[in-house]
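Trainee: Provided below: target25.csv, containing CSV, C-alpha atoms and all ligand atoms.
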```csv
chain,number,residue,atom,x,y,z
U,1,MET,CA,-25.7,-44.1,-36.9
U,2,GLU,CA,-25.6,-40.3,-37.2
U,3,SER,CA,-27.9,-39.9,-34.2
U,4,SER,CA,-25.8,-42.2,-32.0
U,5,VAL,CA,-22.7,-40.1,-32.9
U,6,MET,CA,-24.7,-36.9,-31.9
U,7,LYS,CA,-25.9,-38.6,-28.7
U,8,ASN,CA,-22.3,-39.5,-27.8
U,9,LEU,CA,-21.1,-36.1,-28.7
U,10,GLY,CA,-23.8,-34.6,-26.5
U,11,LYS,CA,-22.9,-37.0,-23.7
U,12,ASP,CA,-19.1,-36.1,-24.1
U,13,SER,CA,-19.7,-32.4,-24.1
U,14,SER,CA,-21.9,-32.5,-21.1
U,15,ALA,CA,-19.2,-34.6,-19.3
U,16,TYR,CA,-16.7,-31.9,-20.3
U,17,PHE,CA,-18.9,-29.2,-19.0
U,18,ALA,CA,-19.5,-31.1,-15.8
U,19,THR,CA,-15.8,-31.6,-15.3
U,20,PHE,CA,-15.0,-28.0,-16.1
U,21,GLY,CA,-17.8,-26.8,-13.7
U,22,PHE,CA,-16.4,-29.1,-11.0
U,23,VAL,CA,-12.8,-27.8,-11.5
U,24,VAL,CA,-14.0,-24.1,-11.4
U,25,ALA,CA,-16.3,-24.8,-8.4
U,26,SER,CA,-13.4,-26.5,-6.6
U,27,TYR,CA,-11.0,-23.7,-7.4
U,28,VAL,CA,-13.5,-21.1,-6.0
U,29,ALA,CA,-14.3,-23.2,-3.0
U,30,LEU,CA,-10.5,-23.7,-2.2
U,31,LYS,CA,-9.9,-19.9,-2.6
U,32,VAL,CA,-12.8,-19.1,-0.3
U,33,ALA,CA,-11.7,-21.7,2.2
U,34,PHE,CA,-8.2,-20.4,2.1
U,35,ASN,CA,-9.4,-16.9,2.8
U,36,ILE,CA,-11.7,-18.0,5.6
U,37,ILE,CA,-8.7,-19.6,7.2
U,38,LYS,CA,-6.7,-16.4,6.8
U,39,ILE,CA,-9.6,-14.4,8.4
U,40,LEU,CA,-9.8,-16.9,11.3
U,41,LYS,CA,-6.0,-16.7,11.8
U,42,PHE,CA,-6.4,-12.9,11.8
U,43,LEU,CA,-9.2,-13.0,14.4
U,44,VAL,CA,-7.2,-15.2,16.7
U,45,PHE,CA,-3.8,-13.5,16.4
U,46,ALA,CA,-4.7,-9.9,15.5
U,47,GLY,CA,-2.7,-7.3,17.5
U,48,SER,CA,-0.4,-9.9,18.9
U,49,THR,CA,2.9,-8.2,17.8
U,50,ASN,CA,4.4,-6.3,20.7
U,51,PHE,CA,6.2,-3.4,18.9
U,52,LYS,CA,7.9,-2.3,22.1
U,53,LYS,CA,9.6,-5.6,22.4
U,54,LEU,CA,11.0,-5.3,18.8
U,55,GLY,CA,12.8,-2.0,19.8
U,56,SER,CA,12.0,1.2,21.6
U,57,TRP,CA,11.8,3.4,18.4
U,58,ALA,CA,9.8,3.2,15.2
U,59,VAL,CA,10.6,5.2,12.0
U,60,VAL,CA,7.8,6.3,9.8
U,61,THR,CA,8.5,7.9,6.4
U,62,GLY,CA,5.9,10.3,5.0
U,63,SER,CA,4.4,10.8,8.5
U,64,SER,CA,3.1,14.3,8.6
U,65,ASP,CA,-0.1,13.4,6.9
U,66,GLY,CA,-2.4,10.6,5.7
U,67,ILE,CA,-1.6,6.9,6.3
U,68,GLY,CA,1.9,7.6,7.6
U,69,LYS,CA,0.7,10.0,10.3
U,70,ALA,CA,-2.0,7.5,11.3
U,71,TYR,CA,0.7,4.7,11.6
U,72,ALA,CA,2.9,7.0,13.7
U,73,LYS,CA,0.1,7.8,16.1
U,74,GLU,CA,-1.1,4.2,16.4
U,75,LEU,CA,2.5,2.9,17.0
U,76,ALA,CA,2.9,5.6,19.7
U,77,LYS,CA,-0.3,4.4,21.3
U,78,ARG,CA,1.3,1.0,21.5
U,79,GLY,CA,4.2,2.5,23.5
U,80,VAL,CA,6.9,3.1,20.9
U,81,ASN,CA,8.9,6.3,20.4
U,82,ILE,CA,8.6,7.8,17.0
U,83,VAL,CA,10.9,9.3,14.4
U,84,LEU,CA,8.8,11.2,11.8
U,85,ILE,CA,10.2,11.9,8.4
U,86,SER,CA,8.7,14.3,5.7
U,87,ARG,CA,9.5,17.5,3.9
U,88,SER,CA,7.6,20.0,6.0
U,89,GLU,CA,9.2,20.9,9.3
U,90,ALA,CA,6.2,22.8,10.6
U,91,LYS,CA,3.8,19.9,9.8
U,92,LEU,CA,6.2,17.3,11.4
U,93,GLN,CA,6.5,19.4,14.6
U,94,GLU,CA,2.7,19.7,14.8
U,95,VAL,CA,2.3,15.9,14.6
U,96,ALA,CA,5.2,15.3,17.0
U,97,ASN,CA,3.5,17.6,19.6
U,98,GLU,CA,0.2,15.8,19.1
U,99,ILE,CA,1.8,12.4,19.6
U,100,GLU,CA,3.7,13.4,22.7
U,101,LYS,CA,0.5,14.8,24.2
U,102,GLU,CA,-1.6,11.8,23.3
U,103,SER,CA,0.8,8.9,24.1
U,104,LYS,CA,3.6,10.1,26.4
U,105,VAL,CA,6.3,8.8,24.2
U,106,GLN,CA,9.4,10.5,22.8
U,107,THR,CA,9.5,11.8,19.2
U,108,ARG,CA,12.1,13.1,16.8
U,109,ILE,CA,11.6,14.7,13.5
U,110,VAL,CA,13.8,14.4,10.4
U,111,VAL,CA,13.2,16.8,7.5
U,112,ALA,CA,14.0,15.2,4.2
U,113,ASP,CA,12.7,15.3,0.6
U,114,PHE,CA,12.7,11.8,-0.8
U,115,SER,CA,12.3,13.0,-4.3
U,116,LYS,CA,15.9,14.0,-4.3
U,117,GLY,CA,18.5,11.3,-5.1
U,118,LEU,CA,21.0,9.4,-2.9
U,119,GLU,CA,22.5,12.5,-1.4
U,120,LEU,CA,19.9,12.8,1.4
U,121,TYR,CA,20.5,9.4,3.0
U,122,ASP,CA,23.8,10.1,4.8
U,123,SER,CA,22.1,12.8,6.8
U,124,ILE,CA,19.1,10.4,7.6
U,125,ARG,CA,21.6,7.7,8.6
U,126,ASP,CA,23.4,10.2,11.0
U,127,GLN,CA,20.1,11.4,12.5
U,128,LEU,CA,19.0,7.8,13.3
U,129,ALA,CA,22.3,6.6,14.6
U,130,GLY,CA,22.2,5.2,18.2
U,131,LEU,CA,18.4,4.6,18.2
U,132,GLU,CA,17.1,1.1,18.9
U,133,ILE,CA,14.8,0.9,15.9
U,134,GLY,CA,12.4,-2.0,16.1
U,135,THR,CA,9.9,-0.9,13.4
U,136,LEU,CA,10.4,0.8,10.1
U,137,VAL,CA,7.3,1.9,8.1
U,138,ASN,CA,8.3,2.7,4.5
U,139,ASN,CA,5.1,4.7,3.9
U,140,VAL,CA,6.2,7.7,1.8
U,141,GLY,CA,4.7,7.7,-1.6
U,142,MET,CA,3.9,9.9,-4.5
U,143,ASN,CA,1.2,9.4,-7.2
U,144,TYR,CA,0.2,11.2,-10.4
U,145,PRO,CA,-1.9,14.3,-9.8
U,146,PHE,CA,-4.7,12.4,-11.7
U,147,PRO,CA,-4.7,9.6,-14.3
U,148,SER,CA,-2.8,10.4,-17.5
U,149,TYR,CA,-1.4,8.7,-20.5
U,150,PHE,CA,2.4,8.1,-20.1
U,151,LEU,CA,3.3,10.7,-22.8
U,152,ASP,CA,0.8,13.3,-21.5
U,153,VAL,CA,2.3,13.7,-18.1
U,154,ALA,CA,3.7,17.3,-17.7
U,155,ASP,CA,7.5,17.4,-17.5
U,156,ARG,CA,7.3,13.7,-17.5
U,157,GLU,CA,11.0,12.7,-17.3
U,158,GLU,CA,11.6,14.8,-14.2
U,159,PHE,CA,8.3,13.8,-12.7
U,160,PHE,CA,8.9,10.1,-13.2
U,161,MET,CA,12.4,10.2,-11.7
U,162,LYS,CA,11.0,12.0,-8.6
U,163,LEU,CA,8.3,9.4,-8.3
U,164,ILE,CA,10.8,6.6,-8.6
U,165,ASN,CA,13.0,8.2,-5.9
U,166,VAL,CA,10.1,8.6,-3.5
U,167,ASN,CA,8.4,5.2,-4.1
U,168,VAL,CA,11.3,2.9,-4.9
U,169,THR,CA,14.7,4.4,-3.8
U,170,SER,CA,13.3,5.4,-0.4
U,171,VAL,CA,12.1,1.9,0.4
U,172,THR,CA,15.4,0.3,-0.7
U,173,MET,CA,17.6,2.9,1.1
U,174,MET,CA,15.7,3.1,4.4
U,175,THR,CA,15.7,-0.7,4.6
U,176,SER,CA,19.4,-0.8,3.9
U,177,ILE,CA,20.0,1.8,6.6
U,178,VAL,CA,17.7,0.4,9.4
U,179,MET,CA,17.7,-3.4,8.9
U,180,PRO,CA,21.4,-4.2,9.7
U,181,ALA,CA,20.9,-3.4,13.4
U,182,MET,CA,17.6,-5.3,13.4
U,183,VAL,CA,19.4,-8.4,12.0
U,184,GLU,CA,22.1,-8.0,14.7
U,185,ARG,CA,19.4,-8.0,17.4
U,186,LYS,CA,17.5,-10.8,15.6
U,187,LYS,CA,14.2,-8.9,15.7
U,188,GLY,CA,12.4,-6.1,13.9
U,189,ALA,CA,9.6,-5.3,11.6
U,190,VAL,CA,9.9,-3.6,8.1
U,191,ILE,CA,6.4,-2.6,6.9
U,192,ASN,CA,6.3,-1.5,3.3
U,193,ILE,CA,3.2,0.3,2.1
U,194,SER,CA,2.8,-0.8,-1.5
U,195,SER,CA,-0.7,-0.6,-3.1
U,196,ALA,CA,-3.3,-2.7,-4.8
U,197,GLY,CA,-1.8,-1.0,-7.9
U,198,GLY,CA,1.3,-3.0,-7.2
U,199,LEU,CA,-0.6,-6.2,-7.5
U,200,HIS,CA,-2.8,-5.5,-10.5
U,201,PRO,CA,-1.5,-3.3,-13.3
U,202,PHE,CA,-3.2,0.1,-13.2
U,203,PRO,CA,-2.9,1.9,-16.6
U,204,LEU,CA,-3.0,5.7,-16.6
U,205,ILE,CA,-0.9,5.7,-13.4
U,206,THR,CA,1.6,3.5,-15.1
U,207,VAL,CA,4.8,4.6,-13.3
U,208,TYR,CA,3.1,4.6,-9.9
U,209,SER,CA,1.7,1.1,-10.5
U,210,ALA,CA,5.1,-0.2,-11.7
U,211,SER,CA,6.9,1.4,-8.7
U,212,LYS,CA,4.5,-0.3,-6.3
U,213,ALA,CA,5.1,-3.6,-8.1
U,214,TYR,CA,8.7,-3.1,-7.1
U,215,VAL,CA,7.7,-2.5,-3.5
U,216,THR,CA,5.6,-5.7,-3.5
U,217,PHE,CA,8.4,-7.9,-4.9
U,218,PHE,CA,11.1,-6.2,-2.8
U,219,SER,CA,9.0,-6.9,0.4
U,220,ARG,CA,8.3,-10.6,-0.6
U,221,CYS,CA,12.0,-11.3,-1.4
U,222,ILE,CA,13.3,-9.6,1.8
U,223,GLN,CA,10.7,-11.6,3.8
U,224,SER,CA,12.1,-14.8,2.3
U,225,GLU,CA,15.7,-13.8,2.9
U,226,TYR,CA,15.4,-12.5,6.5
U,227,LYS,CA,12.4,-14.3,8.1
U,228,SER,CA,14.8,-16.9,9.6
U,229,LYS,CA,16.9,-14.0,11.0
U,230,GLY,CA,14.0,-12.7,13.1
U,231,ILE,CA,12.7,-10.0,10.7
U,232,ILE,CA,9.1,-9.5,9.8
U,233,CYS,CA,8.9,-7.9,6.4
U,234,GLN,CA,5.2,-7.1,5.7
U,235,CYS,CA,3.9,-6.0,2.3
U,236,VAL,CA,0.7,-3.9,2.7
U,237,MET,CA,-1.4,-3.2,-0.4
U,238,PRO,CA,-4.3,-0.8,0.3
U,239,TYR,CA,-7.1,-0.2,-2.1
U,240,THR,CA,-8.6,3.3,-1.4
U,241,VAL,CA,-8.0,5.1,1.8
U,242,VAL,CA,-9.4,8.7,2.1
U,243,THR,CA,-6.3,11.0,2.1
U,244,ASN,CA,-5.0,14.0,0.2
U,245,MET,CA,-3.3,11.7,-2.3
U,246,THR,CA,-6.6,10.0,-3.3
U,247,MET,CA,-8.8,13.1,-3.5
U,248,PRO,CA,-8.4,13.5,-7.3
U,249,PHE,CA,-9.2,9.8,-7.7
U,250,LEU,CA,-12.4,9.9,-5.7
U,251,VAL,CA,-14.3,12.1,-8.1
U,252,THR,CA,-16.6,9.2,-9.2
U,253,THR,CA,-17.9,8.6,-5.7
U,254,LYS,CA,-19.9,11.5,-4.2
U,255,ARG,CA,-19.4,10.5,-0.5
U,256,SER,CA,-15.6,10.0,-0.7
U,257,GLU,CA,-15.2,13.0,-3.0
U,258,LYS,CA,-16.1,15.1,0.0
U,259,GLY,CA,-13.5,13.4,2.1
U,260,LYS,CA,-16.0,11.2,3.9
U,261,PRO,CA,-14.7,7.7,4.6
U,262,SER,CA,-16.9,4.6,3.9
U,263,LEU,CA,-16.6,0.9,4.5
U,264,LEU,CA,-14.5,0.3,1.3
U,265,LYS,CA,-12.7,3.7,1.6
U,266,PRO,CA,-11.7,4.0,5.2
U,267,SER,CA,-10.0,6.8,7.0
U,268,PRO,CA,-6.3,6.6,7.6
U,269,THR,CA,-6.8,6.0,11.3
U,270,THR,CA,-9.2,3.0,10.7
U,271,TYR,CA,-6.8,1.7,8.1
U,272,ALA,CA,-3.5,2.0,10.1
U,273,LYS,CA,-5.0,0.4,13.2
U,274,ALA,CA,-6.2,-2.6,11.3
U,275,ALA,CA,-3.0,-2.9,9.3
U,276,LEU,CA,-0.8,-2.8,12.4
U,277,ASP,CA,-3.0,-5.5,14.0
U,278,SER,CA,-2.1,-7.7,11.0
U,279,VAL,CA,1.7,-7.4,11.5
U,280,GLY,CA,3.1,-10.8,12.4
U,281,VAL,CA,-0.1,-12.5,11.2
U,282,SER,CA,0.0,-11.8,7.5
U,283,ASP,CA,3.1,-10.9,5.5
U,284,PHE,CA,1.2,-10.1,2.3
U,285,THR,CA,-2.0,-8.3,3.0
U,286,HIS,CA,-4.4,-5.5,1.9
U,287,GLY,CA,-4.2,-4.5,5.6
U,288,TYR,CA,-7.9,-4.0,6.4
U,289,TRP,CA,-10.7,-6.6,6.3
U,290,ALA,CA,-12.9,-4.9,3.7
U,291,HIS,CA,-9.9,-4.5,1.4
U,292,ASN,CA,-9.0,-8.1,1.9
U,293,VAL,CA,-12.5,-9.1,0.8
U,294,GLN,CA,-12.2,-6.7,-2.2
U,295,GLY,CA,-8.8,-8.2,-3.1
U,296,THR,CA,-10.2,-11.8,-2.9
U,297,VAL,CA,-13.2,-10.9,-5.2
U,298,ILE,CA,-11.0,-9.0,-7.7
U,299,GLY,CA,-8.4,-11.8,-7.5
U,300,MET,CA,-11.0,-14.3,-8.8
U,301,LEU,CA,-11.7,-12.2,-11.9
U,302,PRO,CA,-9.9,-13.0,-15.2
U,303,GLU,CA,-6.8,-10.8,-15.7
U,304,GLY,CA,-8.2,-9.4,-19.0
U,305,TYR,CA,-11.3,-8.2,-17.3
U,306,ILE,CA,-9.3,-6.5,-14.5
U,307,LYS,CA,-7.2,-4.7,-17.1
U,308,MET,CA,-10.4,-3.5,-18.9
U,309,MET,CA,-11.9,-2.4,-15.6
U,310,THR,CA,-8.8,-0.5,-14.4
U,311,MET,CA,-8.4,1.2,-17.8
U,312,SER,CA,-12.0,2.3,-18.0
U,313,LEU,CA,-12.0,3.6,-14.4
U,314,GLY,CA,-8.8,5.5,-15.1
U,315,GLU,CA,-10.3,7.0,-18.2
U,316,LYS,CA,-13.4,8.1,-16.3
U,317,ILE,CA,-11.4,9.7,-13.5
U,318,ARG,CA,-9.0,11.3,-16.1
U,319,LYS,CA,-11.9,12.9,-18.0
U,320,ILE,CA,-13.6,14.3,-14.9
U,321,ASN,CA,-10.3,15.8,-13.7
U,322,LEU,CA,-9.7,17.4,-17.1
U,323,GLU,CA,-13.2,18.8,-17.2
U,324,LYS,CA,-12.8,20.3,-13.7
U,325,MET,CA,-9.5,21.8,-14.7
U,326,SER,CA,-10.9,23.4,-17.9
U,327,LYS,CA,-13.9,24.8,-15.9
U,328,LYS,CA,-11.4,26.3,-13.4
U,329,LYS,CA,-9.5,28.0,-16.2
U,330,GLU,CA,-12.7,29.6,-17.7
R,1,LIG,N1,-4.4,6.7,0.1
R,1,LIG,C1,-4.6,5.6,-0.6
R,1,LIG,O1,-5.7,5.2,-1.0
R,1,LIG,C2,-3.5,4.7,-0.9
R,1,LIG,C3,-3.7,3.5,-1.6
R,1,LIG,C4,-2.7,2.6,-1.9
R,1,LIG,C5,-1.4,2.9,-1.5
R,1,LIG,N2,-1.2,4.1,-0.8
R,1,LIG,C6,0.2,4.4,-0.4
R,1,LIG,O2,0.2,4.8,1.0
R,1,LIG,C7,1.2,5.7,1.2
R,1,LIG,C8,0.7,6.9,1.9
R,1,LIG,O3,-0.2,7.6,1.1
R,1,LIG,P1,-1.2,8.7,1.6
R,1,LIG,O4,-2.4,8.5,0.8
R,1,LIG,O5,-1.2,8.7,3.1
R,1,LIG,O6,-0.5,10.0,1.1
R,1,LIG,P2,-0.6,11.5,1.5
R,1,LIG,O7,-1.8,11.8,2.3
R,1,LIG,O8,-0.3,12.3,0.3
R,1,LIG,O9,0.6,11.7,2.5
R,1,LIG,C9,1.9,11.6,2.0
R,1,LIG,C10,2.9,11.9,3.1
R,1,LIG,O10,4.2,11.8,2.6
R,1,LIG,C11,4.9,13.0,2.7
R,1,LIG,N3,5.7,13.2,1.5
R,1,LIG,C12,5.2,13.4,0.2
R,1,LIG,N4,6.2,13.6,-0.6
R,1,LIG,C13,7.3,13.5,0.1
R,1,LIG,C14,8.7,13.7,-0.3
R,1,LIG,N5,9.1,13.9,-1.5
R,1,LIG,N6,9.6,13.6,0.7
R,1,LIG,C15,9.3,13.4,2.0
R,1,LIG,N7,8.0,13.2,2.4
R,1,LIG,C16,7.0,13.3,1.4
R,1,LIG,C17,3.9,14.1,3.0
R,1,LIG,O11,4.3,15.1,3.8
R,1,LIG,P3,5.0,16.5,3.3
R,1,LIG,O12,4.1,16.9,2.1
R,1,LIG,O13,5.0,17.4,4.4
R,1,LIG,O14,6.4,16.1,2.8
R,1,LIG,C18,2.8,13.3,3.8
R,1,LIG,O15,3.2,13.2,5.1
R,1,LIG,C19,1.9,5.9,-0.1
R,1,LIG,O16,3.0,5.1,-0.3
R,1,LIG,C20,0.8,5.5,-1.1
R,1,LIG,O17,1.3,5.2,-2.3
R,1,LIG,C21,-2.2,5.0,-0.5
```
Take the structure from the file and write it as structure tokens.
Ligand SMILES: NC(=O)c1ccc[n+]([C@@H]2O[C@H](COP(=O)([O-])OP(=O)(O)OC[C@H]3O[C@@H](n4cnc5c(N)ncnc54)[C@H](OP(=O)(O)O)[C@@H]3O)[C@@H](O)[C@H]2O)c1

Mentor:
Amino acid sequence: MESSVMKNLGKDSSAYFATFGFVVASYVALKVAFNIIKILKFLVFAGSTNFKKLGSWAVVTGSSDGIGKAYAKELAKRGVNIVLISRSEAKLQEVANEIEKESKVQTRIVVADFSKGLELYDSIRDQLAGLEIGTLVNNVGMNYPFPSYFLDVADREEFFMKLINVNVTSVTMMTSIVMPAMVERKKGAVINISSAGGLHPFPLITVYSASKAYVTFFSRCIQSEYKSKGIICQCVMPYTVVTNMTMPFLVTTKRSEKGKPSLLKPSPTTYAKAALDSVGVSDFTHGYWAHNVQGTVIGMLPEGYIKMMTMSLGEKIRKINLEKMSKKKE
């Protein structure tokens, strides 16, 4: 009697395991199939958006360096005139000169500090008036100098408000300024540079991660509201791209620490070219094939494990930065 119960139990549990295994395998197979379809769609349609047709000008925020500069240069190569916006007039002028030389398009520069509040937007609105803007790249962003606990950030309240102004207010206000004319012309692209940190929570850069979650949700909602009105709103979520912003975060990888790009940590130029090719193909993307693979793999991991991984990576980077700082002081 007892042994037949045990036998049935054994049979039942192996049936449960088999069913569970089947469900997990089907889930993984479906995810992989879905991503293969996305990759195939990308291979067929990559680069199909004609930015010139959307409008003769593109506006790129945070474009004197890093990813923004690379977007500006790549858009210019595709025949679009460029408005560059950042804080440093000298750097902006230098990039404008490079673009005009390389691509024979017109450029304009707008000097603005997005960490300030609403007061800067009237001047930006005035300086953009009359331009046929087909593409807006909301790229400007600010991160922590290195990972820190929320309460340990120096001058934290002022720092967090600045970060929110740069990462959140700028995206909202620039879209509000530029999109009405796009809607009137029934065409335009708003490209918002979020971050993988706006998809998974990244502790120790808490306010940055939360600000990028705003950018992610903002982009997805705008896409739903305005797709039928001819607007492409793309949310781009890079993992690591080798720029000034990421240098303090690259201390765990010897190659990238020296500013050398790699497959998973590309240069801004490689990244921006791939990401621009994905406009009109994918509204919600990591922007570059290796980051899309990275996102697919990480997306299959349990949420708890991702949290543990991001926390321990943040801790490691934090410690190395603190050690470097104390060595410098000595
Ligand atoms: N690099 C990455 O691995 C990575 C990963 C995920 C997401 N992202 C996102 O990608 C975007 C670009 O990052 P990045 O790595 O290229 O940064 P970056 O190399 O530090 O460049 C930032 C650009 O923004 C400008 N800028 C900074 N603060 C500004 C302010 N207050 N007002 C106006 N302009 C300002 C800078 O020029 P000035 O200093 O002359 O003003 C520069 O042109 C950001 O939104 C970032 O969050 C980057």

Trainee: Tell me which protein, DNA and RNA residues are within 6 Å of Ser267 in chain U, counting only C-alpha atoms, leaving out same-chain ones fewer than 5 positions away, and put them as a list in words.

Mentor: Val241, Val242 and Pro261 of chain U

Trainee: Can you measure CA of Gly79 in chain U to CA of Pro180 in chain U for me? One decimal in Å is fine.

Mentor: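 So the two atoms, CA of Gly79 in chain U and CA of Pro180 in chain U, lie 23.0 Å apart.
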
Trainee: Could you jot down the CA of Ile133 in chain U to CA of His291 in chain U separation for me, Å, one decimal place?

Mentor: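 Computing the Euclidean distance for CA of Ile133 in chain U and CA of His291 in chain U yields 29.1 Å.
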
Trainee: Go through U:Ile298, U:Ile124, U:Met245, U:Met182 one by one, measure the shortest atom-to-atom distance of each to ligand LIG 1 (chain R) using all atoms listed in the file, and give the residue with the smallest value.

Mentor: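 Comparing U:Ile298, U:Ile124, U:Met245, U:Met182 against ligand LIG 1 (chain R), the winner is U:Met245.
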
Trainee: Hey, which bits of range 227-282 of chain U sit within 10 Å of range 55-65 of chain U, and for each residue what's the closest pair of atoms and how far apart in Å (one decimal), counting all atoms listed in the file, rows by chain and increasing number, as a Markdown table?

Mentor:
```
| residue | atom | partner | partner_atom | distance |
| --- | --- | --- | --- | --- |
| U:Thr243 | CA | U:Asp65 | CA | 8.2 |
| U:Asn244 | CA | U:Asp65 | CA | 8.3 |
| U:Met245 | CA | U:Asp65 | CA | 9.9 |
| U:Pro268 | CA | U:Asp65 | CA | 9.2 |
```

Trainee: For ligand LIG 1 (chain R), return the neighbouring residues as a PyMOL selection string (distance at most 8 Å; all atoms listed in the file).

Mentor: chain U and resi 61-69+85-89+91-92+111-116+138-143+162+166-167+193-197+208+212+237-246+265+268

Trainee: One decimal, in Å: what's the spacing between CA of Ser219 in chain U and CA of Val190 in chain U?

Mentor: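 Straight-line distance from CA of Ser219 in chain U to CA of Val190 in chain U works out to 8.4 Å.
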
Trainee: May I have the residues within 6 Å of Gly188 in chain U as a PyMOL selection string, using all atoms listed in the file and disregarding those fewer than 3 positions away in the same chain?

Mentor: chain U and resi 54+134-135+182+231

Trainee: Write the residues of the preceding selection, restricted to C-alpha atoms, as a CSV table (one decimal), keeping the file's coordinate frame.

Mentor:
```
chain,number,residue,atom,x,y,z
U,54,LEU,CA,11.0,-5.3,18.8
U,134,GLY,CA,12.4,-2.0,16.1
U,135,THR,CA,9.9,-0.9,13.4
U,182,MET,CA,17.6,-5.3,13.4
U,231,ILE,CA,12.7,-10.0,10.7
```

Trainee: List the neighbours of Ala46 in chain U out to 6 Å using all atoms listed in the file; skip same-chain residues closer than 4 positions along the sequence, and give me the result as a list in words.

Mentor: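 Using all atoms listed in the file, the neighbours found are Phe42, Asp277 and Ser278 of chain U.
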